[in-house]
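Have a look at work_36.cif; it's mmCIF, C-alpha atoms and all ligand atoms:
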data_coords
#
loop_
_atom_site.label_atom_id
_atom_site.label_comp_id
_atom_site.auth_asym_id
_atom_site.auth_seq_id
_atom_site.Cartn_x
_atom_site.Cartn_y
_atom_site.Cartn_z
CA MET A 1 39.83 105.48 76.58
CA HIS A 2 39.73 107.61 79.72
CA VAL A 3 40.84 111.19 79.03
CA HIS A 4 42.36 113.21 81.90
CA HIS A 5 42.63 116.92 81.04
CA LEU A 6 45.07 118.65 83.41
CA LEU A 7 44.23 122.29 82.60
CA GLU A 8 40.53 121.69 83.20
CA LYS A 9 41.46 122.81 86.69
CA ASN A 10 43.72 125.87 87.03
CA SER A 11 47.15 125.22 88.52
CA ILE A 12 50.81 126.18 88.07
CA ALA A 13 50.76 123.89 85.00
CA ASN A 14 48.92 126.70 83.13
CA THR A 15 52.10 128.80 83.34
CA PHE A 16 54.25 126.07 81.78
CA VAL A 17 51.79 125.53 78.91
CA ALA A 18 51.50 129.30 78.33
CA GLN A 19 55.31 129.60 78.11
CA LEU A 20 55.48 126.69 75.66
CA ARG A 21 52.92 128.36 73.40
CA ASN A 22 54.30 131.92 73.64
CA VAL A 23 56.28 132.82 70.45
CA ASN A 24 58.46 135.21 72.43
CA ILE A 25 59.41 132.67 75.10
CA GLN A 26 59.48 129.37 73.19
CA THR A 27 62.66 130.41 71.30
CA ASP A 28 64.60 129.73 74.50
CA ARG A 29 65.20 126.02 73.89
CA LEU A 30 66.41 125.22 77.38
CA ARG A 31 63.27 126.73 78.89
CA PHE A 32 61.08 125.02 76.28
CA ARG A 33 62.55 121.58 77.05
CA ARG A 34 62.38 122.22 80.79
CA ASN A 35 58.71 123.23 80.60
CA ILE A 36 57.88 119.99 78.77
CA GLU A 37 59.89 118.11 81.39
CA ARG A 38 57.98 119.85 84.21
CA LEU A 39 54.69 118.87 82.59
CA GLY A 40 56.00 115.29 82.30
CA GLU A 41 56.55 115.37 86.06
CA ILE A 42 53.08 116.75 86.80
CA LEU A 43 51.32 114.38 84.38
CA GLY A 44 53.34 111.50 85.84
CA TYR A 45 52.20 112.49 89.31
CA GLU A 46 48.56 112.57 88.18
CA LEU A 47 48.97 109.21 86.42
CA SER A 48 50.51 107.69 89.54
CA LYS A 49 47.17 108.07 91.35
CA ASN A 50 45.82 105.45 88.94
CA LEU A 51 48.46 102.78 89.69
CA LYS A 52 47.95 99.87 92.06
CA PHE A 53 49.44 100.30 95.53
CA GLN A 54 50.41 97.77 98.15
CA GLU A 55 51.29 98.56 101.75
CA GLU A 56 54.89 98.05 102.80
CA GLU A 57 56.48 98.29 106.21
CA ILE A 58 59.34 100.78 106.23
CA GLN A 59 61.90 100.82 109.00
CA THR A 60 62.67 104.34 110.24
CA PRO A 61 65.36 105.15 112.86
CA LEU A 62 62.53 105.42 115.42
CA GLY A 63 60.07 102.71 114.47
CA THR A 64 58.12 101.38 111.48
CA ALA A 65 55.76 103.15 109.10
CA ASN A 66 53.27 101.48 106.79
CA VAL A 67 53.46 103.13 103.37
CA PRO A 68 51.42 102.10 100.30
CA LEU A 69 53.84 101.83 97.36
CA HIS A 70 53.12 101.14 93.73
CA LYS A 71 54.25 97.71 92.63
CA GLU A 72 53.61 97.70 88.89
CA GLU A 73 56.41 97.13 86.44
CA LEU A 74 56.52 100.30 84.38
CA VAL A 75 58.02 100.87 80.96
CA ILE A 76 58.22 104.44 79.67
CA CYS A 77 58.35 104.58 75.88
CA SER A 78 58.96 107.89 74.19
CA ILE A 79 58.60 108.78 70.56
CA LEU A 80 61.77 110.32 69.17
CA ARG A 81 62.67 113.03 69.10
CA ALA A 82 60.17 115.40 70.71
CA GLY A 83 59.26 112.81 73.36
CA LEU A 84 62.68 113.07 75.04
CA PRO A 85 62.04 115.94 77.51
CA LEU A 86 58.64 114.47 78.40
CA HIS A 87 60.40 111.13 78.96
CA THR A 88 62.90 112.82 81.30
CA GLY A 89 60.06 114.37 83.31
CA LEU A 90 58.28 111.02 83.68
CA LEU A 91 61.53 109.25 84.57
CA ASN A 92 62.32 111.89 87.21
CA TYR A 93 59.34 110.54 89.15
CA PHE A 94 59.20 106.90 88.00
CA ASP A 95 62.93 106.48 88.41
CA ALA A 96 62.78 102.67 88.65
CA ALA A 97 60.93 102.31 85.33
CA ASP A 98 62.41 100.52 82.33
CA ASN A 99 62.65 102.47 79.12
CA SER A 100 61.81 102.14 75.43
CA PHE A 101 62.64 104.45 72.57
CA ILE A 102 60.95 104.43 69.20
CA SER A 103 61.23 106.74 66.23
CA ALA A 104 58.23 108.00 64.26
CA TYR A 105 58.36 110.73 61.69
CA ARG A 106 56.23 112.24 58.98
CA HIS A 107 57.41 111.24 55.51
CA HIS A 108 56.05 113.30 52.61
CA PRO A 109 56.52 110.99 49.58
CA ASN A 110 55.25 113.55 47.03
CA ASP A 111 56.67 116.68 48.70
CA ASP A 112 53.14 117.91 49.37
CA GLU A 113 50.94 117.95 52.47
CA GLU A 114 50.15 114.23 52.32
CA PHE A 115 52.27 112.24 54.71
CA GLU A 116 52.74 108.78 56.12
CA ILE A 117 54.21 107.95 59.52
CA LEU A 118 57.39 105.91 59.34
CA VAL A 119 58.63 103.97 62.34
CA GLU A 120 62.26 102.95 61.88
CA TYR A 121 64.01 102.52 65.22
CA LEU A 122 62.92 100.58 68.29
CA ALA A 123 64.86 99.72 71.44
CA SER A 124 62.60 98.14 74.05
CA PRO A 125 62.44 95.53 76.80
CA SER A 126 59.52 93.06 76.82
CA LEU A 127 56.18 94.76 77.48
CA GLU A 128 54.34 91.55 78.39
CA GLY A 129 52.13 92.13 81.44
CA LYS A 130 53.76 95.53 82.13
CA THR A 131 52.27 98.99 82.48
CA LEU A 132 53.27 100.96 79.40
CA ILE A 133 53.54 104.75 79.45
CA LEU A 134 53.72 106.18 75.92
CA ALA A 135 55.01 109.75 75.71
CA ASP A 136 54.69 112.23 72.85
CA PRO A 137 54.15 115.94 73.61
CA MET A 138 51.94 116.63 70.55
CA LEU A 139 48.93 114.42 69.84
CA ALA A 140 47.86 115.82 66.45
CA THR A 141 46.28 113.28 64.05
CA GLY A 142 46.94 110.37 66.44
CA ARG A 143 48.60 108.39 63.64
CA SER A 144 52.05 108.32 65.32
CA PHE A 145 50.64 106.81 68.52
CA VAL A 146 48.68 104.20 66.52
CA ASN A 147 51.68 103.24 64.32
CA VAL A 148 53.88 103.05 67.40
CA LEU A 149 51.35 100.81 69.14
CA GLN A 150 51.44 98.45 66.13
CA ALA A 151 55.26 98.46 66.05
CA LEU A 152 55.37 97.63 69.78
CA GLU A 153 53.12 94.57 69.38
CA LYS A 154 56.13 92.29 68.89
CA MET A 155 57.42 93.24 72.34
CA GLY A 156 54.43 91.60 74.12
CA LYS A 157 51.04 92.70 75.41
CA PRO A 158 51.06 95.34 78.15
CA LYS A 159 48.39 94.92 80.80
CA GLN A 160 47.68 98.66 80.83
CA ILE A 161 48.56 101.60 78.57
CA HIS A 162 48.86 105.24 79.62
CA LEU A 163 49.42 107.88 76.94
CA VAL A 164 51.01 111.15 78.02
CA SER A 165 50.86 114.31 75.93
CA VAL A 166 51.12 118.06 76.41
CA ILE A 167 48.71 119.29 73.72
CA ALA A 168 46.14 117.07 72.02
CA ALA A 169 43.83 117.87 69.13
CA ARG A 170 40.25 116.72 69.62
CA GLU A 171 40.39 114.86 66.26
CA GLY A 172 43.51 112.96 67.34
CA ILE A 173 41.87 111.83 70.57
CA GLU A 174 38.88 110.51 68.59
CA TYR A 175 41.24 108.62 66.27
CA LEU A 176 43.04 106.98 69.21
CA GLU A 177 39.76 105.87 70.73
CA LYS A 178 39.28 103.54 67.73
CA SER A 179 42.66 101.80 68.11
CA PHE A 180 43.66 101.74 71.78
CA PRO A 181 42.13 99.32 74.30
CA GLU A 182 39.11 100.75 76.11
CA ASN A 183 40.88 100.63 79.47
CA SER A 184 43.71 102.92 78.22
CA HIS A 185 44.22 106.33 79.77
CA LEU A 186 45.27 109.60 78.12
CA TRP A 187 46.92 112.16 80.41
CA VAL A 188 47.04 115.47 78.57
CA ALA A 189 47.84 118.98 79.75
CA THR A 190 45.49 120.73 77.34
CA ILE A 191 43.19 120.09 74.37
CA ASP A 192 42.95 122.24 71.20
CA GLU A 193 40.05 122.12 68.79
CA ASN A 194 41.76 122.35 65.39
CA LEU A 195 44.32 120.84 63.04
CA ASP A 196 45.54 122.78 60.01
CA GLU A 197 45.89 121.33 56.47
CA LYS A 198 49.43 120.13 57.35
CA GLY A 199 48.19 118.26 60.41
CA TYR A 200 49.58 120.82 62.88
CA ILE A 201 47.64 121.62 66.03
CA VAL A 202 45.99 125.07 66.08
CA PRO A 203 46.66 127.16 68.12
CA GLY A 204 49.13 124.53 69.39
CA LEU A 205 52.71 125.71 69.75
CA GLY A 206 54.44 124.89 66.43
CA ASP A 207 56.91 122.06 65.88
CA ALA A 208 57.82 120.67 69.29
CA GLY A 209 60.86 118.73 68.00
CA ASP A 210 62.35 121.80 66.30
CA LEU A 211 61.66 123.96 69.36
CA CYS A 212 63.42 121.43 71.61
CA PHE A 213 66.38 120.60 69.41
CA GLY A 214 66.54 122.89 66.35
CA SER A 215 65.37 122.55 62.77
CA LYS A 216 65.97 119.32 60.82
CA LYS A 217 66.10 121.21 57.52
CA GLN A 218 69.36 120.79 55.60
CA HIS A 219 69.51 124.47 54.54
N1 LIG A 301 53.90 117.80 65.93
C1 LIG A 301 54.26 119.00 66.41
O1 LIG A 301 55.39 119.18 66.84
N2 LIG A 301 53.37 120.00 66.39
C2 LIG A 301 52.10 119.85 65.93
O2 LIG A 301 51.32 120.80 65.96
C3 LIG A 301 51.74 118.58 65.44
C4 LIG A 301 52.65 117.56 65.46
#
What does this structure look like when you write it as structure tokens?
Ligand code: URA
Amino acid sequence: MHVHHLLEKNSIANTFVAQLRNVNIQTDRLRFRRNIERLGEILGYELSKNLKFQEEEIQTPLGTANVPLHKEELVICSILRAGLPLHTGLLNYFDAADNSFISAYRHHPNDDEEFEILVEYLASPSLEGKTLILADPMLATGRSFVNVLQALEKMGKPKQIHLVSVIAAREGIEYLEKSFPENSHLWVATIDENLDEKGYIVPGLGDAGDLCFGSKKQH
């Protein structure tokens, strides 16, 4: 898997990641979602440099211009629910892409720290021969991405897979490398070194789904 680490080079993207992490700023849900969306746009732009382009003649009012345009059939698949703002950011740029939605959540069968990933909902077009962009802002253990990949198998074999994430744990990246095809790409804003005993990224930013949409707790 080819790993592309956006914050390796300083840019305006640092500001968006800093605001996502900052406990005093991340409570503003609109800003939190928008920052993830902005990173989806930037990561999508970076990813686009890796697509195949073909020159097309474009008629202008004054003549013709030859413009290389990407021709691949793209499907953006986001993991519910935290993937939604990242999905929006990607779709802002790849506006002609088809879309998939899949749910994956951590189920704690014994009410302790052990968990399994359950995938329950999938709405997707065929992925056969397409370029698949899989979006989840937090790549922690990597188990969600791997379970999602298995669940998507029945939709056909994509010719290329791009994973897009905002924060990835080193351990999660290593786990993905065992399951995803070698020619896959991971586009990630930043990489953290640790996971805590609950499988949360440290320093990370907390629970991205809750910060986007509110707590799921019943009380
Ligand atoms: N999901 C999150 O939202 N945050 C983490 O740190 C790990 C998984």
Return as a VMD selection string every polymer residue, whether protein, DNA or RNA, with at least one atom no more than 6 Å from an atom of ligand LIG 301 (chain A); count only C-alpha atoms and all ligand atoms.
chain A and resid 138 140 200 to 201 204 206 to 209
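Atom pair atom CA of A:Phe16 / atom CA of A:Asp95: separated by 22.4 Å.
Interatomic distance, atom CA of A:Pro203 to atom CA of A:Asp28: 19.2 Å.
Nearest to A:Leu39 of all the residues A:Ser179, A:Thr60, A:Gln54, A:Thr15 is A:Thr15, based on all atoms listed in the file.
Atom pair atom CA of A:Gly44 / atom CA of A:Val23 has a distance of 26.5 Å (rounded to one decimal).
Nearest residue to A:Leu51 among A:Gln19, A:Thr131, A:Asn99, A:Thr141 is A:Thr131, counting all atoms listed in the file.
Here the question is which of A:Ala135, A:Trp187, A:Gly89, A:Arg33 gets nearest to A:Gly214 using only C-alpha atoms, and that residue is A:Arg33.
With all atoms listed in the file as the basis for measurement, A:Ile76 is the residue among A:Val202, A:Lys157, A:Pro61, A:Ile76 that approaches A:Thr88 most closely.
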Box dimensions and centre (Å, one decimal) enclosing stretch 202-208 of chain A, axis-aligned, 3 Å extra per side, as lines of an AutoDock Vina configuration file:
center_x = 51.9
center_y = 123.9
center_z = 67.8
size_x = 17.8
size_y = 12.5
size_z = 9.9
Write out as a list in words each polymer residue whose atoms come within 8 Å of stretch 121-127 of chain A, counting only C-alpha atoms; drop sequence neighbours fewer than 3 positions from it.
Val75, Cys77, Asp98, Asn99, Ser100, Phe101, Ile102, Ser103, Lys130, Thr131, Leu132, Met155, Gly156, Lys157 and Pro158 of chain A
All residues 12 Å or closer to A:Glu177, all atoms listed in the file, same chain fewer than 6 positions away omitted, as a list of chain:residue names
A:Met1, A:His2, A:Val3, A:Thr141, A:Gly142, A:Arg143, A:Phe145, A:Val146, A:Leu163, A:Arg170, A:Glu171, A:Asn183, A:Ser184, A:His185, A:Leu186
Closest of A:Gly83, A:Glu37, A:Ser165, A:Gly199 to A:Ile117 - atom-to-atom distances counting all atoms listed in the file
A:Gly199
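Distance annotation: of A:Ile25, A:Cys212, A:Leu43, A:Leu149, the residue with the minimal separation from A:Ala189 is A:Leu43; atom set is all atoms listed in the file.
All residues that come within 7 Å of the coordinates (54.2, 124.2, 76.9), counting all atoms listed in the file, are given as Phe16, Val17, Ala18, Gln19, Leu20, Arg21, Phe32, Asn35, Ile36 and Val166 of chain A.
Residues lying within 9 Å of A:Glu55, counting all atoms listed in the file and ignoring same-chain neighbours fewer than 5 positions away, are Asn66, Val67, Pro68, Leu69 and His70 of chain A.
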Please, can stretch 110-136 of chain A be completed to N, CA and C atoms and returned as a PDB file, in the frame of the given file?
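The resulting part13.pdb:
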ATOM      1  N   ASN A 110      55.417 112.731  48.249  1.00  0.00           N
ATOM      2  CA  ASN A 110      55.250 113.550  47.030  1.00  0.00           C
ATOM      3  C   ASN A 110      55.608 115.019  47.264  1.00  0.00           C
ATOM      4  N   ASP A 111      56.306 115.296  48.367  1.00  0.00           N
ATOM      5  CA  ASP A 111      56.670 116.680  48.700  1.00  0.00           C
ATOM      6  C   ASP A 111      55.468 117.611  48.803  1.00  0.00           C
ATOM      7  N   ASP A 112      54.302 117.042  49.148  1.00  0.00           N
ATOM      8  CA  ASP A 112      53.140 117.910  49.370  1.00  0.00           C
ATOM      9  C   ASP A 112      52.653 117.687  50.806  1.00  0.00           C
ATOM     10  N   GLU A 113      51.398 118.036  51.069  1.00  0.00           N
ATOM     11  CA  GLU A 113      50.940 117.950  52.470  1.00  0.00           C
ATOM     12  C   GLU A 113      50.591 116.530  52.919  1.00  0.00           C
ATOM     13  N   GLU A 114      50.441 115.628  51.961  1.00  0.00           N
ATOM     14  CA  GLU A 114      50.150 114.230  52.320  1.00  0.00           C
ATOM     15  C   GLU A 114      51.369 113.630  53.015  1.00  0.00           C
ATOM     16  N   PHE A 115      51.126 112.894  54.066  1.00  0.00           N
ATOM     17  CA  PHE A 115      52.270 112.240  54.710  1.00  0.00           C
ATOM     18  C   PHE A 115      51.888 110.887  55.269  1.00  0.00           C
ATOM     19  N   GLU A 116      52.938 110.051  55.414  1.00  0.00           N
ATOM     20  CA  GLU A 116      52.740 108.780  56.120  1.00  0.00           C
ATOM     21  C   GLU A 116      53.681 108.797  57.322  1.00  0.00           C
ATOM     22  N   ILE A 117      53.342 107.996  58.336  1.00  0.00           N
ATOM     23  CA  ILE A 117      54.210 107.950  59.520  1.00  0.00           C
ATOM     24  C   ILE A 117      55.134 106.753  59.371  1.00  0.00           C
ATOM     25  N   LEU A 118      56.431 107.014  59.430  1.00  0.00           N
ATOM     26  CA  LEU A 118      57.390 105.910  59.340  1.00  0.00           C
ATOM     27  C   LEU A 118      58.009 105.658  60.705  1.00  0.00           C
ATOM     28  N   VAL A 119      58.004 104.382  61.084  1.00  0.00           N
ATOM     29  CA  VAL A 119      58.630 103.970  62.340  1.00  0.00           C
ATOM     30  C   VAL A 119      59.869 103.171  61.945  1.00  0.00           C
ATOM     31  N   GLU A 120      61.047 103.620  62.358  1.00  0.00           N
ATOM     32  CA  GLU A 120      62.260 102.950  61.880  1.00  0.00           C
ATOM     33  C   GLU A 120      63.120 102.341  62.986  1.00  0.00           C
ATOM     34  N   TYR A 121      63.088 102.944  64.158  1.00  0.00           N
ATOM     35  CA  TYR A 121      64.010 102.520  65.220  1.00  0.00           C
ATOM     36  C   TYR A 121      63.219 102.134  66.446  1.00  0.00           C
ATOM     37  N   LEU A 122      63.578 101.000  67.051  1.00  0.00           N
ATOM     38  CA  LEU A 122      62.920 100.580  68.290  1.00  0.00           C
ATOM     39  C   LEU A 122      63.943  99.914  69.196  1.00  0.00           C
ATOM     40  N   ALA A 123      64.047 100.390  70.413  1.00  0.00           N
ATOM     41  CA  ALA A 123      64.860  99.720  71.440  1.00  0.00           C
ATOM     42  C   ALA A 123      63.946  99.574  72.649  1.00  0.00           C
ATOM     43  N   SER A 124      63.602  98.334  73.002  1.00  0.00           N
ATOM     44  CA  SER A 124      62.600  98.140  74.050  1.00  0.00           C
ATOM     45  C   SER A 124      62.786  96.823  74.778  1.00  0.00           C
ATOM     46  N   PRO A 125      62.533  96.806  76.090  1.00  0.00           N
ATOM     47  CA  PRO A 125      62.440  95.530  76.800  1.00  0.00           C
ATOM     48  C   PRO A 125      61.083  94.898  76.484  1.00  0.00           C
ATOM     49  N   SER A 126      60.838  93.685  76.983  1.00  0.00           N
ATOM     50  CA  SER A 126      59.520  93.060  76.820  1.00  0.00           C
ATOM     51  C   SER A 126      58.457  93.935  77.501  1.00  0.00           C
ATOM     52  N   LEU A 127      57.280  93.983  76.889  1.00  0.00           N
ATOM     53  CA  LEU A 127      56.180  94.760  77.480  1.00  0.00           C
ATOM     54  C   LEU A 127      55.102  93.842  78.061  1.00  0.00           C
ATOM     55  N   GLU A 128      55.352  92.537  77.978  1.00  0.00           N
ATOM     56  CA  GLU A 128      54.340  91.550  78.390  1.00  0.00           C
ATOM     57  C   GLU A 128      53.949  91.748  79.865  1.00  0.00           C
ATOM     58  N   GLY A 129      52.665  91.997  80.081  1.00  0.00           N
ATOM     59  CA  GLY A 129      52.130  92.130  81.440  1.00  0.00           C
ATOM     60  C   GLY A 129      52.547  93.404  82.162  1.00  0.00           C
ATOM     61  N   LYS A 130      53.252  94.306  81.469  1.00  0.00           N
ATOM     62  CA  LYS A 130      53.760  95.530  82.130  1.00  0.00           C
ATOM     63  C   LYS A 130      52.762  96.681  81.957  1.00  0.00           C
ATOM     64  N   THR A 131      53.028  97.755  82.670  1.00  0.00           N
ATOM     65  CA  THR A 131      52.270  98.990  82.480  1.00  0.00           C
ATOM     66  C   THR A 131      53.089  99.893  81.573  1.00  0.00           C
ATOM     67  N   LEU A 132      52.538 100.188  80.415  1.00  0.00           N
ATOM     68  CA  LEU A 132      53.270 100.960  79.400  1.00  0.00           C
ATOM     69  C   LEU A 132      52.833 102.418  79.438  1.00  0.00           C
ATOM     70  N   ILE A 133      53.818 103.306  79.517  1.00  0.00           N
ATOM     71  CA  ILE A 133      53.540 104.750  79.450  1.00  0.00           C
ATOM     72  C   ILE A 133      54.133 105.254  78.140  1.00  0.00           C
ATOM     73  N   LEU A 134      53.279 105.717  77.248  1.00  0.00           N
ATOM     74  CA  LEU A 134      53.720 106.180  75.920  1.00  0.00           C
ATOM     75  C   LEU A 134      53.733 107.702  75.913  1.00  0.00           C
ATOM     76  N   ALA A 135      54.887 108.291  75.586  1.00  0.00           N
ATOM     77  CA  ALA A 135      55.010 109.750  75.710  1.00  0.00           C
ATOM     78  C   ALA A 135      55.298 110.426  74.371  1.00  0.00           C
ATOM     79  N   ASP A 136      54.462 111.382  74.027  1.00  0.00           N
ATOM     80  CA  ASP A 136      54.690 112.230  72.850  1.00  0.00           C
ATOM     81  C   ASP A 136      54.011 113.568  73.159  1.00  0.00           C
TER      82      ASP A 136
END
